[in-house]
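See below for start32.pdb, which holds PDB, C-alpha atoms.
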```pdb
ATOM      1  CA  MET A 746      90.536 142.780 128.210
ATOM      2  CA  PHE A 747      94.322 143.035 128.439
ATOM      3  CA  LEU A 748      94.871 144.714 125.076
ATOM      4  CA  PRO A 749      96.444 148.115 124.623
ATOM      5  CA  ALA A 750      93.334 148.964 122.605
ATOM      6  CA  GLU A 751      90.456 151.190 123.601
ATOM      7  CA  THR A 752      86.904 150.457 124.611
ATOM      8  CA  SER A 753      84.027 151.835 122.564
ATOM      9  CA  GLU A 754      84.244 154.921 124.811
ATOM     10  CA  GLY A 755      87.949 155.465 124.060
ATOM     11  CA  VAL A 756      89.211 154.167 127.419
ATOM     12  CA  SER A 757      92.422 152.147 127.315
ATOM     13  CA  LEU A 758      91.541 148.555 128.125
ATOM     14  CA  ILE A 759      94.858 147.854 129.822
ATOM     15  CA  ASP A 760      94.601 150.845 132.174
ATOM     16  CA  LEU A 761      91.196 150.006 133.592
ATOM     17  CA  ASN A 762      90.621 148.940 137.161
ATOM     18  CA  PHE A 763      88.686 145.678 136.878
ATOM     19  CA  SER A 764      86.734 146.180 140.107
ATOM     20  CA  GLY A 765      83.038 145.590 139.673
ATOM     21  CA  ILE A 766      83.026 144.778 135.954
ATOM     22  CA  ASN A 767      79.682 143.302 135.083
ATOM     23  CA  VAL A 768      77.891 142.967 131.748
ATOM     24  CA  SER A 769      74.845 144.768 133.088
ATOM     25  CA  ASN A 770      76.473 147.598 135.063
ATOM     26  CA  HIS A 771      79.860 148.461 133.536
ATOM     27  CA  THR A 772      79.875 151.400 131.153
ATOM     28  CA  SER A 773      83.374 151.090 129.676
ATOM     29  CA  PHE A 774      82.684 147.894 127.772
ATOM     30  CA  SER A 775      79.768 147.120 125.518
ATOM     31  CA  GLU A 776      77.981 143.852 126.134
ATOM     32  CA  LYS A 777      79.271 142.584 122.782
ATOM     33  CA  GLU A 778      82.885 143.410 123.736
ATOM     34  CA  ILE A 779      82.543 141.429 126.953
ATOM     35  CA  GLU A 780      80.895 138.533 125.113
ATOM     36  CA  ARG A 781      83.781 138.456 122.632
ATOM     37  CA  VAL A 782      86.316 138.429 125.484
ATOM     38  CA  ILE A 783      84.567 135.486 127.128
ATOM     39  CA  LYS A 784      84.402 133.580 123.820
ATOM     40  CA  VAL A 785      88.093 133.965 122.990
ATOM     41  CA  LEU A 786      89.544 133.235 126.424
ATOM     42  CA  PRO A 787      89.538 129.435 125.839
ATOM     43  CA  LEU A 788      91.406 129.996 122.573
ATOM     44  CA  ILE A 789      94.204 131.790 124.387
ATOM     45  CA  TYR A 790      94.492 130.231 127.839
ATOM     46  CA  GLN A 791      94.234 126.842 129.442
ATOM     47  CA  LYS A 792      90.693 125.998 130.482
ATOM     48  CA  ARG A 793      91.172 126.701 134.198
ATOM     49  CA  THR A 794      92.789 130.095 133.550
ATOM     50  CA  ALA A 795      90.118 131.037 131.009
ATOM     51  CA  VAL A 796      87.316 130.174 133.456
ATOM     52  CA  LYS A 797      88.871 132.264 136.246
ATOM     53  CA  ILE A 798      89.420 135.294 134.018
ATOM     54  CA  ALA A 799      85.874 135.021 132.641
ATOM     55  CA  GLU A 800      84.506 134.850 136.163
ATOM     56  CA  LEU A 801      86.442 137.950 137.151
ATOM     57  CA  VAL A 802      85.287 139.862 134.076
ATOM     58  CA  LEU A 803      81.650 138.874 134.523
ATOM     59  CA  PHE A 804      81.269 139.239 138.273
ATOM     60  CA  GLY A 805      83.915 141.733 139.329
ATOM     61  CA  GLU A 806      86.320 141.855 142.215
ATOM     62  CA  GLU A 807      83.929 141.727 145.177
ATOM     63  CA  GLN A 808      81.889 138.780 143.917
ATOM     64  CA  PHE A 809      85.052 136.950 142.814
ATOM     65  CA  LYS A 810      86.631 137.410 146.272
ATOM     66  CA  GLU A 811      83.434 136.219 147.922
ATOM     67  CA  ASN A 812      83.115 133.163 145.654
ATOM     68  CA  HIS A 813      86.708 132.116 146.391
ATOM     69  CA  GLU A 814      86.782 133.304 150.015
ATOM     70  CA  MET A 815      89.693 135.652 149.338
ATOM     71  CA  GLU A 816      90.976 138.695 151.152
ATOM     72  CA  THR A 817      92.052 141.772 149.168
ATOM     73  CA  LYS A 818      95.741 140.983 149.570
ATOM     74  CA  SER A 819      95.422 137.459 148.169
ATOM     75  CA  PHE A 820      93.102 138.696 145.414
ATOM     76  CA  ASN A 821      95.649 141.326 144.331
ATOM     77  CA  LYS A 822      98.373 138.678 144.220
ATOM     78  CA  TYR A 823      96.077 136.432 142.184
ATOM     79  CA  LEU A 824      95.181 139.282 139.810
ATOM     80  CA  LYS A 825      98.843 140.212 139.265
ATOM     81  CA  ARG A 826      99.579 136.604 138.348
ATOM     82  CA  TYR A 827      96.827 136.548 135.700
ATOM     83  CA  ILE A 828      97.865 139.923 134.329
ATOM     84  CA  ALA A 829     101.414 138.562 134.021
ATOM     85  CA  ILE A 830     100.052 135.546 132.120
ATOM     86  CA  ALA A 831      98.080 137.858 129.825
ATOM     87  CA  ASN A 832     101.135 140.043 129.230
ATOM     88  CA  LYS A 833     103.331 137.193 128.029
ATOM     89  CA  PRO A 834     104.299 137.857 124.404
ATOM     90  CA  GLU A 835     102.570 134.721 123.130
ATOM     91  CA  SER A 836      99.345 135.613 124.985
ATOM     92  CA  ARG A 837      99.406 139.195 123.750
ATOM     93  CA  GLU A 838     100.008 138.066 120.177
ATOM     94  CA  LYS A 839      97.044 135.699 120.346
ATOM     95  CA  LEU A 840      94.821 138.351 121.946
ATOM     96  CA  ASP A 841      95.777 140.963 119.361
ATOM     97  CA  SER A 842      94.868 138.570 116.565
ATOM     98  CA  VAL A 843      91.424 137.551 117.851
ATOM     99  CA  LEU A 844      90.057 140.284 120.111
ATOM    100  CA  PHE A 845      88.774 143.589 118.771
ATOM    101  CA  THR A 846      86.774 146.424 120.299
ATOM    102  CA  ASP A 847      83.513 147.563 118.728
ATOM    103  CA  LYS A 848      85.352 150.613 117.413
ATOM    104  CA  GLU A 849      88.032 148.466 115.750
ATOM    105  CA  LEU A 850      85.427 146.195 114.160
ATOM    106  CA  GLU A 851      83.512 149.190 112.791
ATOM    107  CA  GLU A 852      86.744 150.639 111.365
ATOM    108  CA  LYS A 853      87.557 147.304 109.717
ATOM    109  CA  LYS A 854      84.060 147.061 108.209
ATOM    110  CA  ASN A 855      84.274 150.603 106.800
ATOM    111  CA  ARG A 856      87.689 149.968 105.304
ATOM    112  CA  GLN A 857      86.344 146.827 103.622
ATOM    113  CA  LEU A 858      83.406 148.828 102.245
ATOM    114  CA  ALA A 859      85.744 151.475 100.859
ATOM    115  CA  GLN A 860      87.987 148.834  99.296
ATOM    116  CA  SER A 861      84.926 147.149  97.754
ATOM    117  CA  PHE A 862      83.971 150.445  96.156
ATOM    118  CA  LEU A 863      87.452 150.931  94.724
ATOM    119  CA  ASP A 864      87.359 147.368  93.392
ATOM    120  CA  MET A 865      84.023 148.146  91.708
ATOM    121  CA  VAL A 866      85.602 151.189  90.039
ATOM    122  CA  GLU A 867      88.538 149.120  88.761
ATOM    123  CA  GLN A 868      86.195 146.436  87.439
ATOM    124  CA  ASP A 869      83.963 149.062  85.790
ATOM    125  CA  ALA A 870      80.870 147.818  87.617
ATOM    126  CA  ASN A 871      77.412 148.820  86.434
ATOM    127  CA  ASP A 872      75.665 151.951  87.733
ATOM    128  CA  GLU A 873      73.223 149.968  89.887
ATOM    129  CA  TRP A 874      76.095 148.658  92.004
ATOM    130  CA  PHE A 875      77.356 152.167  92.622
ATOM    131  CA  GLY A 876      73.852 153.305  93.550
ATOM    132  CA  THR A 877      73.542 150.457  96.029
ATOM    133  CA  PHE A 878      76.931 151.287  97.524
ATOM    134  CA  PHE A 879      76.002 154.952  98.001
ATOM    135  CA  LYS A 880      72.789 153.909  99.785
ATOM    136  CA  ILE A 881      74.780 151.652 102.110
ATOM    137  CA  ILE A 882      77.198 154.425 103.118
ATOM    138  CA  GLU A 883      74.652 157.264 103.134
ATOM    139  CA  ASP A 884      74.619 157.805 106.921
ATOM    140  CA  ASN A 885      78.043 156.364 107.680
ATOM    141  CA  GLU A 886      80.237 158.987 109.400
ATOM    142  CA  TRP A 887      83.459 157.261 108.350
ATOM    143  CA  PHE A 888      82.788 158.349 104.750
ATOM    144  CA  ASP A 889      81.918 161.965 105.654
ATOM    145  CA  GLU A 890      85.407 163.217 104.878
ATOM    146  CA  ALA A 891      85.188 161.832 101.345
ATOM    147  CA  TRP A 892      81.754 163.412 100.870
ATOM    148  CA  ASP A 893      83.121 166.814 101.947
ATOM    149  CA  PHE A 894      85.093 167.080  98.701
ATOM    150  CA  ILE A 895      82.104 166.489  96.439
ATOM    151  CA  LYS A 896      80.514 169.587  94.877
ATOM    152  CA  ASN A 897      77.264 167.909  93.842
ATOM    153  CA  PRO A 898      76.757 164.553  95.582
ATOM    154  CA  ARG A 899      73.282 163.974  94.133
ATOM    155  CA  ASN A 900      74.608 164.430  90.586
ATOM    156  CA  MET A 901      77.503 162.060  91.272
ATOM    157  CA  ILE A 902      75.198 159.405  92.743
ATOM    158  CA  GLU A 903      72.533 159.641  90.037
ATOM    159  CA  HIS A 904      74.866 160.093  87.053
ATOM    160  CA  TRP A 905      77.991 158.195  88.042
ATOM    161  CA  ASP A 906      80.528 158.728  85.257
ATOM    162  CA  LYS A 907      77.825 159.998  82.863
ATOM    163  CA  ASN A 908      78.612 163.734  82.841
ATOM    164  CA  GLU A 909      81.652 165.909  83.415
ATOM    165  CA  GLN A 910      80.763 167.105  86.932
ATOM    166  CA  ALA A 911      79.828 163.581  88.063
ATOM    167  CA  ARG A 912      83.196 162.296  86.779
ATOM    168  CA  LYS A 913      85.085 165.103  88.567
ATOM    169  CA  ASP A 914      83.222 164.446  91.808
ATOM    170  CA  GLY A 915      83.713 160.707  91.380
ATOM    171  CA  TYR A 916      87.430 161.228  90.922
ATOM    172  CA  GLU A 917      87.584 163.332  94.112
ATOM    173  CA  PHE A 918      85.556 160.732  95.990
ATOM    174  CA  ILE A 919      87.913 157.956  94.862
ATOM    175  CA  LYS A 920      90.955 160.051  95.771
ATOM    176  CA  GLU A 921      89.584 160.684  99.268
ATOM    177  CA  LEU A 922      88.690 157.025  99.815
ATOM    178  CA  ASN A 923      92.268 156.104  98.910
ATOM    179  CA  TYR A 924      93.478 158.697 101.390
ATOM    180  CA  LEU A 925      91.191 157.309 104.144
ATOM    181  CA  LEU A 926      92.375 153.775 103.454
ATOM    182  CA  ASN A 927      96.010 154.794 103.685
ATOM    183  CA  GLU A 928      95.716 156.749 106.937
TER     184      GLU A 928
END
```
Structure encoded using structure tokens:
Amino acid sequence: MFLPAETSEGVSLIDLNFSGINVSNHTSFSEKEIERVIKVLPLIYQKRTAVKIAELVLFGEEQFKENHEMETKSFNKYLKRYIAIANKPESREKLDSVLFTDKELEEKKNRQLAQSFLDMVEQDANDEWFGTFFKIIEDNEWFDEAWDFIKNPRNMIEHWDKNEQARKDGYEFIKELNYLLNE
């Protein structure tokens, strides 16, 4: 919510106007992102603060003002106070460590997959493991860049390290995964 990260649509979370945010009608946050925000608020803030922020996120400005019989001026003052609380270094540090967007979680998962593959190579895993890995990443766009450097993907998948071309393609694939992991 108050992170300098982006939503799943690439919108900066910190720059958003929080008017009218609602799980069912807001397009900048996925339902899962909002659920994660609500779940972590009690880990970061005192109970009363967490409840108020959750209410604002779930119901939006108009409903929040109505529920608390607030005018716009008092609401804005209230909102500034909670933004200041969220921007305290200790709050930001806690938020950064527990709250991730869908995009960040997907990136983390793909990096773990790539690292698992490299670990399999180092441990000289059996061919079945490599086959399973390639099936898992088959339609995963994050790995597309690594696939672009492979001359004969089918040969590499079916004959991992069994013929010269498969070894060359495997080497290129490994090199590109290392590059992706170090970006």
**OP:** Quote the spacing between CA of Asn908 in chain A and CA of Asn923 in chain A in Å to one decimal place.
**Re:** 22.4 Å
Original post:
CA of Trp874 in chain A to CA of Ile895 in chain A: how many Å, to one decimal?
Top reply: 19.3 Å
**OP:** Go ahead and compute the interatomic distance for CA of Gly876 in chain A and CA of Arg899 in chain A, in Å to one decimal.
**Re:**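 Separation of CA of Gly876 in chain A and CA of Arg899 in chain A: 10.7 Å.
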Original post:
Restricting the calculation to all atoms listed in the file, which member of A:Glu807, A:Glu852, A:Glu800, A:Glu835 is positioned closest to Glu928 in chain A?
Top reply: A:Glu852
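Counting all atoms listed in the file, the residue from A:Phe774, A:Phe918, A:Tyr790, A:Phe804 that sits nearest to Asp889 in chain A is A:Phe918.
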Subject >> Reference answer for the PyMOL selection byres ((chain A and resi 784) around 12), as a list in words >> reply: Met746, Lys777, Glu778, Ile779, Glu780, Arg781, Val782, Ile783, Val785, Leu786, Pro787, Leu788, Ile789, Tyr790, Lys792, Ala795, Val796, Ile798, Ala799, Leu840, Val843 and Leu844 of chain A
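Between Ser836 in chain A and the candidates A:Gln791, A:Lys797, A:Phe809, A:Met815, the tightest atom-to-atom separation, counting all atoms listed in the file, involves A:Gln791.
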**OP:** Go through the shown structure with the PyMOL selection byres ((chain A and resi 887) around 12) and write out the matching residues as a ChimeraX atom specification.
**Re:** /A:848,851-859,882-886,888-893,921-922,925-926
**OP:** Given the file shown, determine the residues that the PyMOL selection byres ((chain A and resi 915) around 8) selects; report them as an MDAnalysis selection string.
**Re:** chainID A and resid 895 901 905:906 911:914 916:919
How about completing range 882-915 of chain A with N, CA and C atoms and giving it to me as an mmCIF file, in the frame of the given file?
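The file below, out.cif, is the result:
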```cif
data_model
loop_
_atom_site.group_PDB
_atom_site.id
_atom_site.type_symbol
_atom_site.label_atom_id
_atom_site.label_comp_id
_atom_site.auth_asym_id
_atom_site.auth_seq_id
_atom_site.Cartn_x
_atom_site.Cartn_y
_atom_site.Cartn_z
ATOM 1 N N ILE A 882 76.319 153.530 102.348
ATOM 2 C CA ILE A 882 77.198 154.425 103.118
ATOM 3 C C ILE A 882 76.567 155.787 103.404
ATOM 4 N N GLU A 883 75.318 155.956 103.038
ATOM 5 C CA GLU A 883 74.652 157.264 103.134
ATOM 6 C C GLU A 883 74.798 157.934 104.504
ATOM 7 N N ASP A 884 74.557 157.220 105.579
ATOM 8 C CA ASP A 884 74.619 157.805 106.921
ATOM 9 C C ASP A 884 75.828 157.324 107.713
ATOM 10 N N ASN A 885 76.858 156.895 107.027
ATOM 11 C CA ASN A 885 78.043 156.364 107.680
ATOM 12 C C ASN A 885 79.066 157.490 107.855
ATOM 13 N N GLU A 886 79.336 157.863 109.099
ATOM 14 C CA GLU A 886 80.237 158.987 109.400
ATOM 15 C C GLU A 886 81.653 158.771 108.892
ATOM 16 N N TRP A 887 82.095 157.538 108.787
ATOM 17 C CA TRP A 887 83.459 157.261 108.350
ATOM 18 C C TRP A 887 83.702 157.826 106.957
ATOM 19 N N PHE A 888 82.668 157.871 106.123
ATOM 20 C CA PHE A 888 82.788 158.349 104.750
ATOM 21 C C PHE A 888 82.553 159.856 104.618
ATOM 22 N N ASP A 889 82.221 160.526 105.715
ATOM 23 C CA ASP A 889 81.918 161.965 105.654
ATOM 24 C C ASP A 889 83.051 162.790 105.054
ATOM 25 N N GLU A 890 84.263 162.460 105.394
ATOM 26 C CA GLU A 890 85.407 163.217 104.878
ATOM 27 C C GLU A 890 85.484 163.141 103.353
ATOM 28 N N ALA A 891 85.185 161.980 102.806
ATOM 29 C CA ALA A 891 85.188 161.832 101.345
ATOM 30 C C ALA A 891 84.049 162.636 100.728
ATOM 31 N N TRP A 892 82.896 162.651 101.385
ATOM 32 C CA TRP A 892 81.754 163.412 100.870
ATOM 33 C C TRP A 892 82.024 164.913 100.887
ATOM 34 N N ASP A 893 82.843 165.376 101.819
ATOM 35 C CA ASP A 893 83.121 166.814 101.947
ATOM 36 C C ASP A 893 83.770 167.402 100.695
ATOM 37 N N PHE A 894 84.391 166.596 99.887
ATOM 38 C CA PHE A 894 85.093 167.080 98.701
ATOM 39 C C PHE A 894 84.234 167.041 97.429
ATOM 40 N N ILE A 895 82.999 166.625 97.582
ATOM 41 C CA ILE A 895 82.104 166.489 96.439
ATOM 42 C C ILE A 895 81.253 167.749 96.302
ATOM 43 N N LYS A 896 81.289 168.359 95.104
ATOM 44 C CA LYS A 896 80.514 169.587 94.877
ATOM 45 C C LYS A 896 79.029 169.302 94.754
ATOM 46 N N ASN A 897 78.667 168.231 94.059
ATOM 47 C CA ASN A 897 77.264 167.909 93.842
ATOM 48 C C ASN A 897 77.053 166.405 94.039
ATOM 49 N N PRO A 898 76.889 165.992 95.306
ATOM 50 C CA PRO A 898 76.757 164.553 95.582
ATOM 51 C C PRO A 898 75.589 163.891 94.846
ATOM 52 N N ARG A 899 74.447 164.568 94.797
ATOM 53 C CA ARG A 899 73.282 163.974 94.133
ATOM 54 C C ARG A 899 73.589 163.675 92.662
ATOM 55 N N ASN A 900 74.232 164.620 91.991
ATOM 56 C CA ASN A 900 74.608 164.430 90.586
ATOM 57 C C ASN A 900 75.560 163.240 90.440
ATOM 58 N N MET A 901 76.544 163.159 91.346
ATOM 59 C CA MET A 901 77.503 162.060 91.272
ATOM 60 C C MET A 901 76.801 160.718 91.481
ATOM 61 N N ILE A 902 75.897 160.655 92.444
ATOM 62 C CA ILE A 902 75.198 159.405 92.743
ATOM 63 C C ILE A 902 74.281 158.999 91.587
ATOM 64 N N GLU A 903 73.517 159.955 91.081
ATOM 65 C CA GLU A 903 72.533 159.641 90.037
ATOM 66 C C GLU A 903 73.153 159.458 88.658
ATOM 67 N N HIS A 904 74.283 160.124 88.395
ATOM 68 C CA HIS A 904 74.866 160.093 87.053
ATOM 69 C C HIS A 904 76.326 159.650 87.078
ATOM 70 N N TRP A 905 76.616 158.659 87.895
ATOM 71 C CA TRP A 905 77.991 158.195 88.042
ATOM 72 C C TRP A 905 78.658 158.033 86.680
ATOM 73 N N ASP A 906 79.701 158.811 86.462
ATOM 74 C CA ASP A 906 80.528 158.728 85.257
ATOM 75 C C ASP A 906 79.758 159.006 83.958
ATOM 76 N N LYS A 907 78.623 159.719 84.061
ATOM 77 C CA LYS A 907 77.825 159.998 82.863
ATOM 78 C C LYS A 907 77.944 161.448 82.394
ATOM 79 N N ASN A 908 78.392 162.349 83.263
ATOM 80 C CA ASN A 908 78.612 163.734 82.841
ATOM 81 C C ASN A 908 79.897 164.252 83.473
ATOM 82 N N GLU A 909 80.347 165.388 83.002
ATOM 83 C CA GLU A 909 81.652 165.909 83.415
ATOM 84 C C GLU A 909 81.741 166.160 84.922
ATOM 85 N N GLN A 910 80.722 166.805 85.500
ATOM 86 C CA GLN A 910 80.763 167.105 86.932
ATOM 87 C C GLN A 910 80.708 165.818 87.766
ATOM 88 N N ALA A 911 79.903 164.861 87.351
ATOM 89 C CA ALA A 911 79.828 163.581 88.063
ATOM 90 C C ALA A 911 81.177 162.870 88.031
ATOM 91 N N ARG A 912 81.863 162.915 86.877
ATOM 92 C CA ARG A 912 83.196 162.296 86.779
ATOM 93 C C ARG A 912 84.202 163.005 87.681
ATOM 94 N N LYS A 913 84.167 164.347 87.697
ATOM 95 C CA LYS A 913 85.085 165.103 88.567
ATOM 96 C C LYS A 913 84.830 164.759 90.031
ATOM 97 N N ASP A 914 83.557 164.771 90.418
ATOM 98 C CA ASP A 914 83.222 164.446 91.808
ATOM 99 C C ASP A 914 83.589 162.999 92.128
ATOM 100 N N GLY A 915 83.342 162.106 91.181
ATOM 101 C CA GLY A 915 83.713 160.707 91.380
ATOM 102 C C GLY A 915 85.211 160.547 91.572
#
```
